[in-house]
>>> print(open('model-v2.csv').read())   # CSV, C-alpha atoms and all ligand atoms
chain,number,residue,atom,x,y,z
A,11,MET,CA,-2.8,-96.1,114.6
A,12,LEU,CA,-6.4,-95.1,113.8
A,13,ALA,CA,-9.2,-96.5,115.9
A,14,LYS,CA,-11.3,-99.1,114.1
A,15,GLY,CA,-14.3,-98.1,116.1
A,16,ALA,CA,-15.6,-96.9,119.5
A,17,ARG,CA,-14.1,-98.7,122.5
A,18,PRO,CA,-15.7,-97.6,125.8
A,19,VAL,CA,-13.6,-98.4,128.8
A,20,GLY,CA,-13.6,-102.1,129.6
A,21,ALA,CA,-14.9,-103.1,126.1
A,22,ALA,CA,-12.6,-105.7,124.6
A,23,ASP,CA,-14.2,-106.2,121.2
A,24,GLU,CA,-16.8,-104.9,118.9
A,25,ALA,CA,-19.7,-106.8,120.4
A,26,THR,CA,-19.0,-105.6,124.0
A,27,ALA,CA,-18.3,-102.1,122.7
A,28,ALA,CA,-21.8,-101.9,121.1
A,29,VAL,CA,-23.4,-103.3,124.3
A,30,ALA,CA,-21.6,-100.7,126.4
A,31,VAL,CA,-22.6,-97.8,124.1
A,32,ARG,CA,-26.2,-98.9,124.0
A,33,GLN,CA,-26.4,-99.3,127.8
A,34,MET,CA,-24.8,-95.9,128.3
A,35,PHE,CA,-27.4,-94.1,126.1
A,36,GLU,CA,-30.3,-96.1,127.7
A,37,SER,CA,-29.1,-94.8,131.1
A,38,ILE,CA,-28.7,-91.1,130.2
A,39,ALA,CA,-31.8,-90.9,127.9
A,40,PRO,CA,-34.0,-89.1,130.5
A,41,LYS,CA,-31.4,-86.3,130.8
A,42,TYR,CA,-30.0,-86.4,127.3
A,43,ASP,CA,-31.7,-83.3,125.8
A,44,LEU,CA,-31.1,-81.1,128.9
A,45,LEU,CA,-27.5,-82.1,129.0
A,46,ASN,CA,-27.0,-81.5,125.3
A,47,HIS,CA,-28.4,-78.0,125.3
A,48,VAL,CA,-26.6,-77.0,128.5
A,49,LEU,CA,-23.3,-78.4,127.4
A,50,SER,CA,-23.4,-76.8,123.9
A,51,ALA,CA,-25.2,-73.6,124.9
A,52,ASN,CA,-27.8,-74.5,122.3
A,53,VAL,CA,-25.3,-74.3,119.4
A,54,ASP,CA,-26.2,-77.9,118.7
A,55,ARG,CA,-29.6,-76.6,117.3
A,56,LEU,CA,-27.7,-74.5,114.7
A,57,TRP,CA,-25.6,-77.5,113.7
A,58,TRP,CA,-28.7,-79.7,113.1
A,59,ARG,CA,-30.4,-77.0,111.1
A,60,ARG,CA,-27.3,-76.3,109.1
A,61,ALA,CA,-26.7,-80.0,108.3
A,62,ALA,CA,-30.4,-80.4,107.3
A,63,ARG,CA,-30.2,-77.4,105.0
A,64,ARG,CA,-27.2,-79.0,103.2
A,65,PHE,CA,-29.6,-81.7,101.9
A,66,LYS,CA,-32.6,-79.5,101.1
A,67,ASP,CA,-32.6,-80.6,97.5
A,68,VAL,CA,-33.3,-84.2,98.5
A,69,LEU,CA,-35.6,-83.3,101.4
A,70,VAL,CA,-38.0,-81.2,99.3
A,71,ARG,CA,-38.7,-84.2,97.1
A,72,PRO,CA,-41.9,-85.8,98.6
A,73,GLU,CA,-41.0,-89.3,97.5
A,74,ALA,CA,-37.4,-89.2,98.7
A,75,ALA,CA,-36.5,-92.1,101.1
A,76,VAL,CA,-34.5,-90.6,104.0
A,77,LEU,CA,-32.9,-92.3,107.1
A,78,ASP,CA,-31.7,-90.5,110.2
A,79,ILE,CA,-29.6,-93.2,111.9
A,80,CYS,CA,-28.5,-92.9,115.5
A,81,CYS,CA,-31.4,-90.5,115.7
A,82,GLY,CA,-31.4,-90.6,119.5
A,83,THR,CA,-34.0,-88.2,120.9
A,84,GLY,CA,-34.7,-86.9,117.4
A,85,ASP,CA,-33.5,-83.3,117.1
A,86,LEU,CA,-31.8,-83.8,113.8
A,87,THR,CA,-34.9,-85.6,112.6
A,88,MET,CA,-37.0,-82.6,113.6
A,89,ALA,CA,-34.7,-80.3,111.6
A,90,LEU,CA,-35.0,-82.6,108.6
A,91,LEU,CA,-38.8,-82.7,108.9
A,92,LYS,CA,-39.0,-78.9,108.7
A,93,LEU,CA,-37.7,-79.1,105.1
A,94,ARG,CA,-40.1,-81.9,104.1
A,95,PRO,CA,-43.2,-81.0,102.1
A,96,ARG,CA,-46.7,-81.9,103.3
A,97,GLY,CA,-47.7,-85.5,102.5
A,98,ALA,CA,-44.1,-86.5,102.1
A,99,THR,CA,-42.9,-90.1,102.6
A,100,PRO,CA,-42.2,-90.4,106.3
A,101,ILE,CA,-38.5,-90.2,107.3
A,102,LEU,CA,-37.1,-93.3,108.9
A,103,ALA,CA,-35.5,-92.5,112.3
A,104,GLY,CA,-33.4,-95.4,113.7
A,105,ASP,CA,-31.5,-96.0,116.9
A,106,PHE,CA,-30.6,-99.1,118.9
A,107,ALA,CA,-31.2,-97.5,122.3
A,108,ARG,CA,-35.0,-97.9,123.0
A,109,ALA,CA,-35.1,-95.2,125.7
A,110,MET,CA,-33.6,-92.6,123.4
A,111,LEU,CA,-35.8,-93.7,120.4
A,112,ARG,CA,-39.0,-93.5,122.5
A,113,ARG,CA,-38.3,-89.9,123.4
A,114,GLY,CA,-37.5,-89.1,119.8
A,115,ALA,CA,-40.8,-90.7,118.6
A,116,GLU,CA,-42.7,-88.4,120.9
A,117,LYS,CA,-41.3,-85.5,119.0
A,118,PHE,CA,-41.2,-86.7,115.4
A,119,GLY,CA,-44.0,-89.3,115.2
A,120,PRO,CA,-47.3,-88.8,113.4
A,121,LYS,CA,-49.6,-86.3,115.1
A,122,ASP,CA,-53.1,-87.5,115.7
A,123,SER,CA,-55.3,-85.0,114.0
A,124,ARG,CA,-58.6,-86.5,115.2
A,125,GLY,CA,-60.6,-83.9,117.0
A,126,SER,CA,-58.0,-81.3,116.2
A,127,ALA,CA,-59.1,-77.9,114.8
A,128,ASP,CA,-56.1,-78.0,112.6
A,129,GLU,CA,-57.1,-80.3,109.7
A,130,SER,CA,-53.7,-79.7,108.0
A,131,ALA,CA,-52.1,-81.8,110.8
A,132,SER,CA,-53.2,-84.9,108.9
A,133,ASP,CA,-50.6,-84.5,106.1
A,134,ALA,CA,-47.9,-82.9,108.2
A,135,PRO,CA,-44.5,-84.6,107.6
A,136,TYR,CA,-43.5,-87.1,110.2
A,137,ALA,CA,-40.9,-89.8,110.9
A,138,VAL,CA,-41.2,-93.5,111.8
A,139,ALA,CA,-39.1,-94.8,114.6
A,140,ILE,CA,-37.2,-98.0,113.9
A,141,GLU,CA,-35.1,-99.9,116.5
A,142,ALA,CA,-32.1,-100.7,114.4
A,143,ASP,CA,-28.3,-101.2,114.6
A,144,ALA,CA,-26.5,-98.9,112.2
A,145,LEU,CA,-24.1,-101.8,111.3
A,146,HIS,CA,-27.0,-104.1,110.4
A,147,LEU,CA,-29.8,-102.0,108.9
A,148,PRO,CA,-33.1,-103.8,108.4
A,149,LEU,CA,-33.4,-102.2,104.9
A,150,ARG,CA,-33.1,-103.4,101.3
A,151,GLY,CA,-30.0,-102.6,99.4
A,152,GLU,CA,-30.2,-99.5,97.2
A,153,SER,CA,-33.4,-98.2,98.8
A,154,LEU,CA,-32.5,-94.8,100.2
A,155,ASP,CA,-31.9,-91.4,98.7
A,156,LEU,CA,-30.3,-89.9,101.8
A,157,ILE,CA,-28.7,-91.1,105.1
A,158,VAL,CA,-27.8,-88.6,107.8
A,159,THR,CA,-26.5,-89.1,111.2
A,160,ALA,CA,-25.5,-86.7,114.0
A,161,PHE,CA,-23.1,-87.4,116.8
A,162,GLY,CA,-23.7,-91.2,116.4
A,163,PHE,CA,-21.2,-92.4,113.9
A,164,ARG,CA,-18.3,-91.9,116.4
A,165,ASN,CA,-20.0,-94.4,118.7
A,166,LEU,CA,-20.1,-97.2,116.1
A,167,ALA,CA,-18.0,-100.3,117.0
A,168,ASN,CA,-16.5,-100.4,113.5
A,169,TYR,CA,-16.4,-97.2,111.3
A,170,GLU,CA,-15.5,-99.0,108.1
A,171,ALA,CA,-18.4,-101.5,108.6
A,172,GLY,CA,-20.7,-98.6,109.2
A,173,LEU,CA,-19.7,-96.9,105.9
A,174,LYS,CA,-20.0,-100.2,104.1
A,175,GLU,CA,-23.6,-100.6,105.4
A,176,PHE,CA,-24.5,-97.0,104.5
A,177,TYR,CA,-23.2,-97.7,101.0
A,178,ARG,CA,-25.2,-100.9,100.7
A,179,VAL,CA,-28.6,-99.2,101.5
A,180,LEU,CA,-28.0,-96.0,99.5
A,181,LYS,CA,-29.3,-95.9,95.9
A,182,PRO,CA,-26.6,-95.0,93.3
A,183,GLY,CA,-26.5,-91.2,93.5
A,184,GLY,CA,-27.7,-91.3,97.1
A,185,GLN,CA,-26.2,-88.8,99.6
A,186,LEU,CA,-24.6,-89.3,102.9
A,187,GLY,CA,-24.2,-86.7,105.7
A,188,ILE,CA,-22.3,-87.4,109.0
A,189,LEU,CA,-22.3,-84.7,111.6
A,190,GLU,CA,-19.6,-85.3,114.2
A,191,PHE,CA,-17.4,-83.5,116.7
A,192,SER,CA,-13.8,-82.9,115.9
A,193,GLU,CA,-10.8,-81.4,117.7
A,194,PRO,CA,-9.8,-78.0,116.4
A,195,GLY,CA,-6.2,-77.0,116.3
A,196,GLY,CA,-4.5,-73.7,117.5
A,197,LEU,CA,-5.5,-71.6,120.5
A,198,ILE,CA,-9.2,-72.3,120.1
A,199,GLY,CA,-8.4,-76.0,120.2
A,200,LYS,CA,-6.5,-75.6,123.4
A,201,ALA,CA,-9.3,-73.6,125.1
A,202,TYR,CA,-11.9,-76.0,123.9
A,203,GLY,CA,-9.8,-78.9,125.0
A,204,VAL,CA,-9.9,-77.7,128.6
A,205,TYR,CA,-13.7,-77.2,128.4
A,206,PHE,CA,-14.2,-80.6,126.7
A,207,ARG,CA,-11.9,-82.6,129.0
A,208,ARG,CA,-12.5,-80.9,132.4
A,209,VAL,CA,-15.6,-78.7,132.5
A,210,LEU,CA,-17.9,-80.8,130.4
A,211,PRO,CA,-17.5,-84.1,132.2
A,212,ALA,CA,-18.0,-82.2,135.5
A,213,ILE,CA,-21.3,-80.6,134.4
A,214,GLY,CA,-22.4,-83.9,132.9
A,215,ARG,CA,-21.8,-85.6,136.3
A,216,ALA,CA,-23.6,-82.9,138.2
A,217,ILE,CA,-26.7,-83.1,136.0
A,218,CYS,CA,-26.7,-86.8,135.3
A,219,GLY,CA,-25.3,-88.2,138.5
A,220,LYS,CA,-23.3,-90.6,136.4
A,221,ASP,CA,-19.6,-90.7,135.7
A,222,GLY,CA,-19.1,-92.8,132.6
A,223,ALA,CA,-21.0,-91.1,129.8
A,224,TYR,CA,-19.5,-87.7,130.0
A,225,ASN,CA,-16.0,-89.0,130.5
A,226,TYR,CA,-16.5,-91.2,127.5
A,227,LEU,CA,-17.5,-88.2,125.2
A,228,PRO,CA,-14.1,-86.4,125.1
A,229,ILE,CA,-12.3,-89.8,125.0
A,230,SER,CA,-14.4,-90.9,122.0
A,231,VAL,CA,-13.8,-87.6,120.2
A,232,GLY,CA,-10.0,-87.9,120.8
A,233,ASN,CA,-10.0,-91.5,119.4
A,234,PHE,CA,-12.1,-90.6,116.3
A,235,PRO,CA,-10.1,-90.2,113.1
A,236,PRO,CA,-9.3,-86.6,112.2
A,237,PRO,CA,-11.2,-85.1,109.2
A,238,ASP,CA,-8.7,-86.0,106.5
A,239,ALA,CA,-8.5,-89.6,107.6
A,240,MET,CA,-12.3,-89.9,107.8
A,241,VAL,CA,-12.7,-88.4,104.3
A,242,GLU,CA,-10.1,-90.9,103.1
A,243,MET,CA,-12.0,-93.8,104.8
A,244,MET,CA,-15.2,-92.6,103.0
A,245,ARG,CA,-13.4,-92.7,99.7
A,246,ARG,CA,-12.0,-96.2,100.4
A,247,ALA,CA,-15.6,-97.4,101.2
A,248,GLY,CA,-16.5,-96.4,97.5
A,249,PHE,CA,-18.1,-93.0,98.0
A,250,GLU,CA,-17.3,-90.0,95.8
A,251,GLN,CA,-17.5,-86.2,96.3
A,252,CYS,CA,-16.2,-86.9,99.9
A,253,ALA,CA,-15.7,-83.7,101.9
A,254,TRP,CA,-15.7,-82.2,105.4
A,255,GLN,CA,-17.2,-78.8,106.2
A,256,PRO,CA,-16.2,-77.4,109.6
A,257,TYR,CA,-18.8,-75.9,111.9
A,258,THR,CA,-18.0,-73.4,114.7
A,259,PHE,CA,-14.2,-73.3,114.4
A,260,GLY,CA,-14.1,-77.0,113.6
A,261,ILE,CA,-15.6,-78.1,117.0
A,262,ALA,CA,-18.0,-80.0,114.9
A,263,GLY,CA,-18.3,-80.6,111.1
A,264,LEU,CA,-20.3,-82.2,108.4
A,265,TYR,CA,-18.9,-85.1,106.3
A,266,THR,CA,-20.7,-85.4,103.0
A,267,ALA,CA,-20.4,-88.0,100.3
A,268,MET,CA,-22.3,-89.6,97.5
A,269,ARG,CA,-22.7,-93.2,96.3
A,270,PRO,CA,-21.5,-93.1,92.7
A,271,THR,CA,-24.2,-93.3,90.0
A,272,VAL,CA,-22.1,-95.6,87.9
A,273,VAL,CA,-19.4,-97.9,89.4
B,301,LIG,C1,-24.8,-88.8,121.0
B,301,LIG,S1,-26.3,-89.5,120.6
B,301,LIG,C2,-26.9,-88.5,119.2
B,301,LIG,C3,-28.4,-88.5,119.1
B,301,LIG,C4,-28.9,-87.5,118.0
B,301,LIG,N1,-28.5,-87.9,116.7
B,301,LIG,C5,-28.4,-86.1,118.3
B,301,LIG,O1,-27.8,-85.5,117.5
B,301,LIG,O2,-28.7,-85.7,119.5
B,301,LIG,C6,-25.8,-91.0,119.8
B,301,LIG,C7,-26.9,-92.0,119.5
B,301,LIG,O3,-26.4,-93.0,118.6
B,301,LIG,C8,-27.0,-94.2,119.0
B,301,LIG,N2,-26.1,-95.3,118.5
B,301,LIG,C9,-24.8,-95.5,118.8
B,301,LIG,N3,-24.4,-96.6,118.1
B,301,LIG,C10,-25.4,-97.1,117.4
B,301,LIG,C11,-25.6,-98.2,116.5
B,301,LIG,N4,-24.6,-99.1,116.3
B,301,LIG,N5,-26.8,-98.4,115.9
B,301,LIG,C12,-27.8,-97.5,116.2
B,301,LIG,N6,-27.7,-96.5,117.1
B,301,LIG,C13,-26.5,-96.3,117.6
B,301,LIG,C14,-27.1,-94.1,120.5
B,301,LIG,O4,-28.0,-95.0,121.0
B,301,LIG,C15,-27.5,-92.7,120.7
B,301,LIG,O5,-28.9,-92.5,120.7
>>> encode(input="model-v2.csv", output="structure tokens", more="lines below")
Ligand SMILES: C[S@@+](CC[C@H](N)C(=O)[O-])C[C@H]1O[C@@H](n2cnc3c(N)ncnc32)[C@H](O)[C@@H]1O
Amino acid sequence: MLAKGARPVGAADEATAAVAVRQMFESIAPKYDLLNHVLSANVDRLWWRRAARRFKDVLVRPEAAVLDICCGTGDLTMALLKLRPRGATPILAGDFARAMLRRGAEKFGPKDSRGSADESASDAPYAVAIEADALHLPLRGESLDLIVTAFGFRNLANYEAGLKEFYRVLKPGGQLGILEFSEPGGLIGKAYGVYFRRVLPAIGRAICGKDGAYNYLPISVGNFPPPDAMVEMMRRAGFEQCAWQPYTFGIAGLYTAMRPTVV
């Protein structure tokens, strides 16, 4: 049976799962960037850039309303900002773990141009941090042109509820992009499985000094619906043009969809 949502060890229901996920990210926030780059050998940077480029058509429109939800320490947000024009409406960058969001805001927040020799800094694109739960976004219905999320969706306590909430806040014709890990098949999948289940948690433990978070990562990827089931779930939530584009042999991939213009 497909998992309804993330269930960290010991979490009996959606509410306790969400609390456990938030606490986990609060606790690893200081080491999160270092761990990410070490564990992925910096391939994560390519994934964020590639995902951002997929939505270039929306991002180049200065008035486009864009949300990066589960933004964490903001690396996808930074990749999105690179494609925004000067003076563009700020991107909204949301997360429910304050310690992650604070680190993100240091990277993507508005730069103070006072006293700076670089006057152009004043209209440089930036993002606004919002402390928000992806399942209960503090946003009006039909208000966004684009929602993107990287490696956060898998952690939601209820995937269908997450898609429903994304659908609610997207304008008709609005785009959705979900970058997530997956489990490739074949020989590559076997080799990667050994790295993911054995090597990665051990490195995570060594750098972080904590057990839970990097044991949770492979378990959460294993429990996440495979691409065809996830695409079907997006369709059931009312989206159209639902698709999955594998990245790096299918270790990760980008789910894309659109809220229909007419229902
Ligand atoms: C693995 S990190 C990914 C961060 C960033 N997007 C990246 O690509 O590095 C997952 C993030 O999702 C956030 N998150 C998980 N569930 C959430 C929810 N229900 N609402 C908001 N943020 C959530 C966590 O706090 C964490 O910062």
>>> closest_residue(input="model-v2.csv", among="A:Asp23, A:Asp143, A:Glu170, A:Glu242", to="ligand LIG 301 (chain B)", atoms="only C-alpha atoms and all ligand atoms")
A:Asp143
>>> residues_near_ligand(input="model-v2.csv", ligand="ligand LIG 301 (chain B)", cutoff="9 Å", atoms="only C-alpha atoms and all ligand atoms", output="PyMOL selection string")
chain A and resi 16+28+31-36+39+42-43+46+54+58+78-87+104-111+114+141-147+158-168+172+189-190+227
>>> atom_distance(input="model-v2.csv", atom1="CA of Asp155 (chain A)", atom2="CA of Asp122 (chain A)")
27.5 Å
>>> atom_distance(input="model-v2.csv", atom1="CA of Leu264 (chain A)", atom2="CA of Leu156 (chain A)")
14.2 Å
>>> atom_distance(input="model-v2.csv", atom1="CA of Val273 (chain A)", atom2="CA of Met240 (chain A)")
21.3 Å
>>> closest_residue(input="model-v2.csv", among="A:Ala75, A:Arg178, A:His47, A:Glu152", to="Val138 (chain A)", atoms="all atoms listed in the file")
A:Ala75
